[in-house]
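Novice: The following block contains the structure, expressed as structure tokens.
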Amino acid sequence: MATQTLNALVKHLRHDRGVTLEDIRGDWSVASMSRFEHGDIELADSVIAQMAIPLGLDYEDLIYRLILSEDNLEDWRYLASEDWNEENAVHLLTQLNALKVPGMRNDFLAVATAVIKELLSIHDEGRQNMAPEVVAQLDQYLANITEFSRLEGMLFSLSLEYVPLATGWQWVARQIKMMDKLAVEPQVIRRVISFCAAIGERAAIERQLDIMGKATAEMRCLTQTIPENAMQRYNLVSLEALHKDFADPSPANHAHLIAVMKAGALIFAPEVHQSIVQYTIAQGWATAEDFQ
Amino acid sequence: MAEQFNLGRFMKSYREQRHISLRAASPDAASTLSRFENGKTRISGDRLRSVMQREGVRYWDLQQHAIEYLSPFKQLIDRLYITRFDQQSGAAPEAVRLYKARTHGASSELVDVVAAILSTRQEALQTDQEQLLMPAEQERIQNILFRARDWIIFDYGLLWLAAPHLDSPTLKRSFKRAVIQQSDAMPAYNDYFVRVLQRVFLILLSRRDEEAVELCGPQLKKAALNGYDGEDSLTIQFLDLVIQPSSVADKRQNVSQFLDKLKLLELDHMRAYFADLATKVIRDVPGTEA
């Protein structure tokens, strides 16, 4: 796909929709809009919002079309343990360091670069947890933030894997307390639910039934505030079933866990579901016979 | 989300919460940034993006907080989409109310067309019966979709929203257009195409349309290859059960197992939704009998 420019996209949409320059000009003059369409001038960022009603244009279209590039978002994804890629991590670290302004305070860049540096050394040395001073730095940063940005959410959820479980749960619980459940969008609540799920799963691996119970209870509570979501409901119901099976390993509880996991085939692509089943068996939570 | 949003104010509190100094955010124009944050000046797209980068802000974040970064139509269809399994949800009327408030007073063909669809949708909900748009409105929608050379989210969303209220020939023509639009060159739009595909397929099946399987089946297979999850996976698997070449009794059996699994997963709205669809769809789907 050839990268389009905003002015070219606006011009062809306007033509296809049969809309005049007057219709899209907003606070600008027709002459300015015309020069903008020809690529002669750039207008303030707010110009894009004016195209929403007459042309049906959304910011996300611009991101899809690489007109506004959400650069290095991919690099962030590779920081998570399951997708870890050293090259991407180094690339991201270099980019973030380049954004720093010497002598000027920027806690976001300070924390992000400290975490990535720490991740590089963790993977290098094969350690499990981040050094206490990095954990403390993250803790201090996160304590001030009422709502995570997208990048902070990514940084947070990947860091949960490298801090002691109790610390991770404290962070998530603090985040839930700070969140105004009525005011935030469902997407934001969904993200917090996925933090709880990450804690719940980690607690299951470490057999910390107390934290597992608290995390699933929060998940259930939050789930009720958003529209039904298949993936999150599966995460919740399966973690609850696992918790019950741990706490009271009766045949009925185990059979329920297996039935829930089998029903997961509706929610996941076959190979993903298969890998979830394999993982469960590898953890010793179920046997291969259970799934026959 | 506050309806009166001010980008400058948001950026200011965002920056302050994170202890980022003005000069760290905008080294060569700290005072411009300050005036922008205080609503005293506009800021160019390039400068805003450079500030966003230094502060770690993404457009996603602006869309969560800033109504001006989320078009009224996309906000509408995204909200209707996530509540589609729950007809009783208060979120759907709220989404419609918000859309109308945001487009109030705008003179635009796109707004007029959407208003016509929303009023027909309202009628359908109230009477609990299929309601078609007036032929002239259907033609208008088709014209918009056929005139657009290169579909954006709006076009996919328009077809998704209008689909239940288009007669079958118009619906099929428009869907074929969507198939052509959808290309590997623009994979980002695939999710929106799959929304349309699922909806059109279900509508044509419940209308017992003879071409439903032929038209949508191959597209569904292709979509399934991409490994969808969540509700998309549920819907694709449901459709797959329904169009399998098997007896009506077998289909009923399979769908009932499908519904039992949803019950186990406590997906009550989805279970009710698919149970209702099954009664409309299963009896004698043309071309799928064993």
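Scheme for the structure tokens: letters A, B, ... for chains in order shown; per-chain residue numbers from 1; ligand numbers from 1 in order shown.
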Produce a table with one row for each residue of chain A that has an atom at most 8 Å from any atom of chain B, each row naming the nearest atom pair and its distance in Å at one decimal; use only C-alpha atoms; arrange rows by chain and rising residue number; format as a Markdown table.
Specialist:
| residue | atom | partner | partner_atom | distance |
| --- | --- | --- | --- | --- |
| A:Met1 | CA | B:Ala185 | CA | 5.6 |
| A:Leu13 | CA | B:Ala148 | CA | 7.3 |
| A:Asp16 | CA | B:Ala148 | CA | 5.3 |
| A:Arg17 | CA | B:Ile144 | CA | 6.8 |
| A:Glu42 | CA | B:Ser44 | CA | 7.5 |
| A:Leu43 | CA | B:Ser44 | CA | 6.3 |
| A:Ala44 | CA | B:Ser44 | CA | 4.1 |
| A:Asp45 | CA | B:Gly45 | CA | 4.1 |
| A:Ser46 | CA | B:Gly45 | CA | 7.8 |
| A:Ala49 | CA | B:Glu68 | CA | 5.8 |
| A:Ala52 | CA | B:Ser71 | CA | 5.2 |
| A:Ile53 | CA | B:Val111 | CA | 7.1 |
| A:Pro54 | CA | B:Ser108 | CA | 5.6 |
| A:Leu55 | CA | B:Leu110 | CA | 7.6 |
| A:Gly56 | CA | B:Phe154 | CA | 5.5 |
| A:Leu57 | CA | B:Phe154 | CA | 6.9 |
| A:Asp58 | CA | B:Ser71 | CA | 5.3 |
| A:Tyr59 | CA | B:Tyr69 | CA | 6.3 |
| A:Asp61 | CA | B:Ile152 | CA | 6.3 |
| A:Tyr64 | CA | B:Ala188 | CA | 5.7 |
| A:Arg65 | CA | B:Met186 | CA | 7.8 |
| A:Glu70 | CA | B:Arg58 | CA | 7.1 |
| A:Leu99 | CA | B:Arg54 | CA | 5.9 |
| A:Lys100 | CA | B:Ala24 | CA | 6.9 |
| A:Val101 | CA | B:Ala24 | CA | 5.3 |
| A:Met104 | CA | B:Ala24 | CA | 5.1 |
| A:Arg105 | CA | B:Ile20 | CA | 5.5 |
| A:Asn106 | CA | B:Ile20 | CA | 4.1 |
| A:Asp107 | CA | B:His19 | CA | 5.7 |
| A:Phe108 | CA | B:Arg18 | CA | 6.3 |
| A:Leu109 | CA | B:Arg54 | CA | 7.4 |
| A:Tyr141 | CA | B:Arg18 | CA | 7.3 |
| A:Asn144 | CA | B:Gln17 | CA | 6.4 |
| A:Ile145 | CA | B:Gln17 | CA | 6.4 |
| A:Ser149 | CA | B:Asp61 | CA | 5.8 |
| A:Arg150 | CA | B:Asp61 | CA | 6.3 |
| A:Leu151 | CA | B:Gly56 | CA | 6.6 |
| A:Ala183 | CA | B:Met1 | CA | 6.3 |
| A:Val184 | CA | B:Met1 | CA | 6.7 |
| A:Glu185 | CA | B:Gln64 | CA | 6.9 |
| A:Pro227 | CA | B:Thr83 | CA | 6.0 |
| A:Glu228 | CA | B:Leu267 | CA | 6.9 |
| A:Asn229 | CA | B:Glu231 | CA | 7.4 |
| A:Ala230 | CA | B:Gly230 | CA | 5.1 |
| A:Met231 | CA | B:Gly230 | CA | 5.0 |
| A:Arg233 | CA | B:Leu265 | CA | 6.7 |
| A:Tyr234 | CA | B:Leu265 | CA | 6.0 |
| A:Val237 | CA | B:Leu265 | CA | 6.3 |
| A:Ala259 | CA | B:Leu264 | CA | 7.9 |
| A:Val260 | CA | B:Leu264 | CA | 6.5 |
| A:Ala263 | CA | B:Lys261 | CA | 5.3 |
| A:Leu266 | CA | B:Leu234 | CA | 5.4 |
| A:Ile267 | CA | B:Gly230 | CA | 4.7 |
| A:Phe268 | CA | B:Asp229 | CA | 4.8 |
| A:Ala269 | CA | B:Gly227 | CA | 5.1 |
Novice: Which neighbours of Met130 of chain A fall inside 12 Å, counting only C-alpha atoms, when residues of the same chain fewer than 3 positions from it are skipped, and could you give them as a list in words?
Specialist: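 Using only C-alpha atoms, the neighbours found are Ala114, Val115, Ile116, Lys117, Glu118, Leu119, Leu120, Ser121, Ile122, His123, Glu125, Gly126, Arg127, Glu133, Val134, Val135, Ala136, Gln137, Leu138, Leu158, Ser159, Leu160, Glu161, Tyr162, Val163, Pro164, Thr167 and Gly168 of chain A.
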Novice: Restrict the selected residues to N, CA and C atoms and save them as a JSON list (two decimals), in the first residue's frame.
Specialist:
[["chain", "number", "residue", "atom", "x", "y", "z"],
["A", 114, "ALA", "N", 14.16, 2.77, 32.33],
["A", 114, "ALA", "CA", 14.69, 1.95, 33.44],
["A", 114, "ALA", "C", 14.14, 0.53, 33.35],
["A", 115, "VAL", "N", 12.84, 0.41, 33.04],
["A", 115, "VAL", "CA", 12.22, -0.92, 32.97],
["A", 115, "VAL", "C", 12.81, -1.72, 31.80],
["A", 116, "ILE", "N", 12.95, -1.07, 30.66],
["A", 116, "ILE", "CA", 13.46, -1.81, 29.49],
["A", 116, "ILE", "C", 14.91, -2.26, 29.71],
["A", 117, "LYS", "N", 15.70, -1.36, 30.31],
["A", 117, "LYS", "CA", 17.09, -1.73, 30.63],
["A", 117, "LYS", "C", 17.12, -2.93, 31.57],
["A", 118, "GLU", "N", 16.22, -2.89, 32.55],
["A", 118, "GLU", "CA", 16.15, -3.97, 33.53],
["A", 118, "GLU", "C", 15.71, -5.28, 32.87],
["A", 119, "LEU", "N", 14.75, -5.17, 31.94],
["A", 119, "LEU", "CA", 14.29, -6.37, 31.23],
["A", 119, "LEU", "C", 15.45, -7.00, 30.44],
["A", 120, "LEU", "N", 16.25, -6.13, 29.80],
["A", 120, "LEU", "CA", 17.40, -6.65, 29.05],
["A", 120, "LEU", "C", 18.34, -7.42, 29.96],
["A", 121, "SER", "N", 18.57, -6.89, 31.15],
["A", 121, "SER", "CA", 19.52, -7.59, 32.02],
["A", 121, "SER", "C", 18.87, -8.83, 32.65],
["A", 122, "ILE", "N", 17.58, -8.77, 32.91],
["A", 122, "ILE", "CA", 16.87, -9.96, 33.42],
["A", 122, "ILE", "C", 16.99, -11.12, 32.43],
["A", 123, "HIS", "N", 16.74, -10.80, 31.15],
["A", 123, "HIS", "CA", 16.82, -11.86, 30.13],
["A", 123, "HIS", "C", 18.25, -12.34, 29.93],
["A", 125, "GLU", "N", 20.63, -12.33, 32.29],
["A", 125, "GLU", "CA", 21.12, -13.08, 33.44],
["A", 125, "GLU", "C", 20.19, -14.21, 33.84],
["A", 126, "GLY", "N", 19.02, -14.31, 33.18],
["A", 126, "GLY", "CA", 18.08, -15.36, 33.53],
["A", 126, "GLY", "C", 17.49, -15.19, 34.93],
["A", 127, "ARG", "N", 17.31, -13.94, 35.36],
["A", 127, "ARG", "CA", 16.69, -13.69, 36.67],
["A", 127, "ARG", "C", 15.17, -13.76, 36.57],
["A", 133, "GLU", "N", 15.24, -1.65, 43.32],
["A", 133, "GLU", "CA", 15.17, -0.20, 43.06],
["A", 133, "GLU", "C", 14.33, 0.12, 41.83],
["A", 134, "VAL", "N", 14.31, -0.78, 40.85],
["A", 134, "VAL", "CA", 13.46, -0.55, 39.67],
["A", 134, "VAL", "C", 11.99, -0.73, 40.06],
["A", 135, "VAL", "N", 11.73, -1.74, 40.89],
["A", 135, "VAL", "CA", 10.36, -1.95, 41.37],
["A", 135, "VAL", "C", 9.88, -0.72, 42.13],
["A", 136, "ALA", "N", 10.77, -0.16, 42.97],
["A", 136, "ALA", "CA", 10.40, 1.02, 43.76],
["A", 136, "ALA", "C", 10.13, 2.22, 42.85],
["A", 137, "GLN", "N", 10.95, 2.36, 41.81],
["A", 137, "GLN", "CA", 10.77, 3.49, 40.88],
["A", 137, "GLN", "C", 9.42, 3.39, 40.17],
["A", 138, "LEU", "N", 9.10, 2.18, 39.72],
["A", 138, "LEU", "CA", 7.81, 1.93, 39.06],
["A", 138, "LEU", "C", 6.68, 2.22, 40.03],
["A", 158, "LEU", "N", 3.29, -5.96, 31.54],
["A", 158, "LEU", "CA", 4.46, -6.81, 31.38],
["A", 158, "LEU", "C", 5.32, -6.81, 32.64],
["A", 159, "SER", "N", 5.29, -5.71, 33.39],
["A", 159, "SER", "CA", 6.08, -5.66, 34.62],
["A", 159, "SER", "C", 5.52, -6.60, 35.68],
["A", 160, "LEU", "N", 4.19, -6.84, 35.63],
["A", 160, "LEU", "CA", 3.56, -7.73, 36.62],
["A", 160, "LEU", "C", 4.26, -9.09, 36.67],
["A", 161, "GLU", "N", 4.80, -9.49, 35.54],
["A", 161, "GLU", "CA", 5.46, -10.80, 35.48],
["A", 161, "GLU", "C", 6.78, -10.82, 36.22],
["A", 162, "TYR", "N", 7.37, -9.65, 36.43],
["A", 162, "TYR", "CA", 8.73, -9.60, 36.97],
["A", 162, "TYR", "C", 8.80, -8.97, 38.36],
["A", 163, "VAL", "N", 7.66, -8.87, 39.01],
["A", 163, "VAL", "CA", 7.69, -8.40, 40.40],
["A", 163, "VAL", "C", 7.07, -9.50, 41.25],
["A", 164, "PRO", "N", 7.37, -9.54, 42.55],
["A", 164, "PRO", "CA", 6.74, -10.56, 43.39],
["A", 164, "PRO", "C", 5.21, -10.46, 43.28],
["A", 167, "THR", "N", 3.33, -7.90, 45.34],
["A", 167, "THR", "CA", 3.49, -6.52, 44.87],
["A", 167, "THR", "C", 2.58, -6.27, 43.66],
["A", 168, "GLY", "N", 2.57, -7.21, 42.74],
["A", 168, "GLY", "CA", 1.74, -7.08, 41.55],
["A", 168, "GLY", "C", 0.27, -6.92, 41.92]]
Novice: So that I can see what lies close to Ile282 of chain B, please list as a list in words the residues with an atom at most 8 Å from it, counting only C-alpha atoms and leaving out residues fewer than 3 positions away in the same chain.
Specialist: Val242, Val248, Lys251, Arg252, Ala278, Thr279 and Val285 of chain B
Novice: Could you check the closest approach to Phe246 of chain A for each of A:Val19, A:Ile205, A:Val188, A:Ile63 and tell me which residue wins, using only C-alpha atoms?
Specialist: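 Nearest candidate to Phe246 of chain A out of A:Val19, A:Ile205, A:Val188, A:Ile63: A:Ile205.
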Novice: Let me make sure I understand: among B:Leu133, B:Val196, B:Leu202, B:Ala29, which one has the smallest atom-to-atom distance to Thr170 of chain B if we use only C-alpha atoms?
Specialist: B:Leu133
Novice: With distances taken over only C-alpha atoms, which residue among A:Ala80, A:Ser34, A:Gln187, A:Gly200 lies nearest Asp78 of chain B?
Specialist: A:Gln187
Novice: Which value, in Å to one decimal, gives the distance between atom CA of Trp171 of chain A and atom CA of Tyr279 of chain A?
Specialist: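 Going from atom CA of Trp171 of chain A over to atom CA of Tyr279 of chain A, I get 26.6 Å.
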Novice: List the neighbours of Thr120 of chain B out to 7 Å using only C-alpha atoms; skip same-chain residues closer than 4 positions along the sequence, and give me the result as number ranges by chain.
Specialist: B: 116, 124, 131, 133
Novice: Save the residues we just selected, N, CA and C atoms, as a PDB file, in the first residue's frame?
Specialist:
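Once written, out-v1.pdb looks like this:
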ATOM      1  N   ALA B 116     -32.092   8.267   9.194  1.00  0.00           N
ATOM      2  CA  ALA B 116     -33.158   7.421   8.638  1.00  0.00           C
ATOM      3  C   ALA B 116     -32.994   5.980   9.109  1.00  0.00           C
ATOM      4  N   ALA B 124     -38.157  -1.100  14.339  1.00  0.00           N
ATOM      5  CA  ALA B 124     -37.975  -2.551  14.367  1.00  0.00           C
ATOM      6  C   ALA B 124     -37.907  -3.058  15.806  1.00  0.00           C
ATOM      7  N   GLN B 131     -38.022  -4.334   9.791  1.00  0.00           N
ATOM      8  CA  GLN B 131     -38.524  -3.109   9.160  1.00  0.00           C
ATOM      9  C   GLN B 131     -37.522  -2.685   8.100  1.00  0.00           C
ATOM     10  N   LEU B 133     -36.025   0.026   5.239  1.00  0.00           N
ATOM     11  CA  LEU B 133     -35.971   1.446   4.913  1.00  0.00           C
ATOM     12  C   LEU B 133     -36.797   1.720   3.663  1.00  0.00           C
TER      13      LEU B 133
END
Novice: What's the separation between atom CA of Ala178 of chain B and atom CA of Ala92 of chain B, in Å to one decimal place?
Specialist: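 Interatomic distance here is 25.2 Å.
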Novice: Can you tell me which residues surround Ile199 of chain A at a distance of at most 10 Å, considering only C-alpha atoms, apart from same-chain residues fewer than 2 positions away, and format the answer as a PyMOL selection string?
Specialist: chain A and resi 157+160-161+165-166+168-169+172+193-197+201-205+211-212+214-216
Novice: I'd like the contact shell of Lys176 of chain B - 12 Å cut-off, only C-alpha atoms, skipping same-chain residues fewer than 5 positions apart - returned as number ranges by chain.
Specialist: B: 142, 145-146, 159, 169-171, 181-182, 193, 196-197, 200, 212, 214-216, 219
Novice: One decimal, Å: what's the distance from atom CA of Leu6 of chain A over to atom CA of Leu66 of chain A, could you say?
Specialist: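 Value for the atom CA of Leu6 of chain A-atom CA of Leu66 of chain A distance: 9.7 Å.
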Novice: I want to know what sits within 10 Å of Asp27 of chain A, based on only C-alpha atoms, with residues of the same chain fewer than 6 positions away left out; could you give that as a VMD selection string?
Specialist: chain A and resid 33 47 50
Novice: What does the file look like for those residues with N, CA and C atoms, as an mmCIF file, in the first residue's frame?
Specialist:
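As written to disk, again.cif reads:
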data_model
loop_
_atom_site.group_PDB
_atom_site.id
_atom_site.type_symbol
_atom_site.label_atom_id
_atom_site.label_comp_id
_atom_site.auth_asym_id
_atom_site.auth_seq_id
_atom_site.Cartn_x
_atom_site.Cartn_y
_atom_site.Cartn_z
ATOM 1 N N MET A 33 -8.589 25.799 3.142
ATOM 2 C CA MET A 33 -8.898 24.384 2.956
ATOM 3 C C MET A 33 -8.394 23.903 1.603
ATOM 4 N N VAL A 47 -8.012 20.125 12.704
ATOM 5 C CA VAL A 47 -8.698 20.114 11.408
ATOM 6 C C VAL A 47 -9.316 18.746 11.130
ATOM 7 N N GLN A 50 -12.905 18.077 12.107
ATOM 8 C CA GLN A 50 -13.932 18.680 11.265
ATOM 9 C C GLN A 50 -14.418 17.751 10.159
#
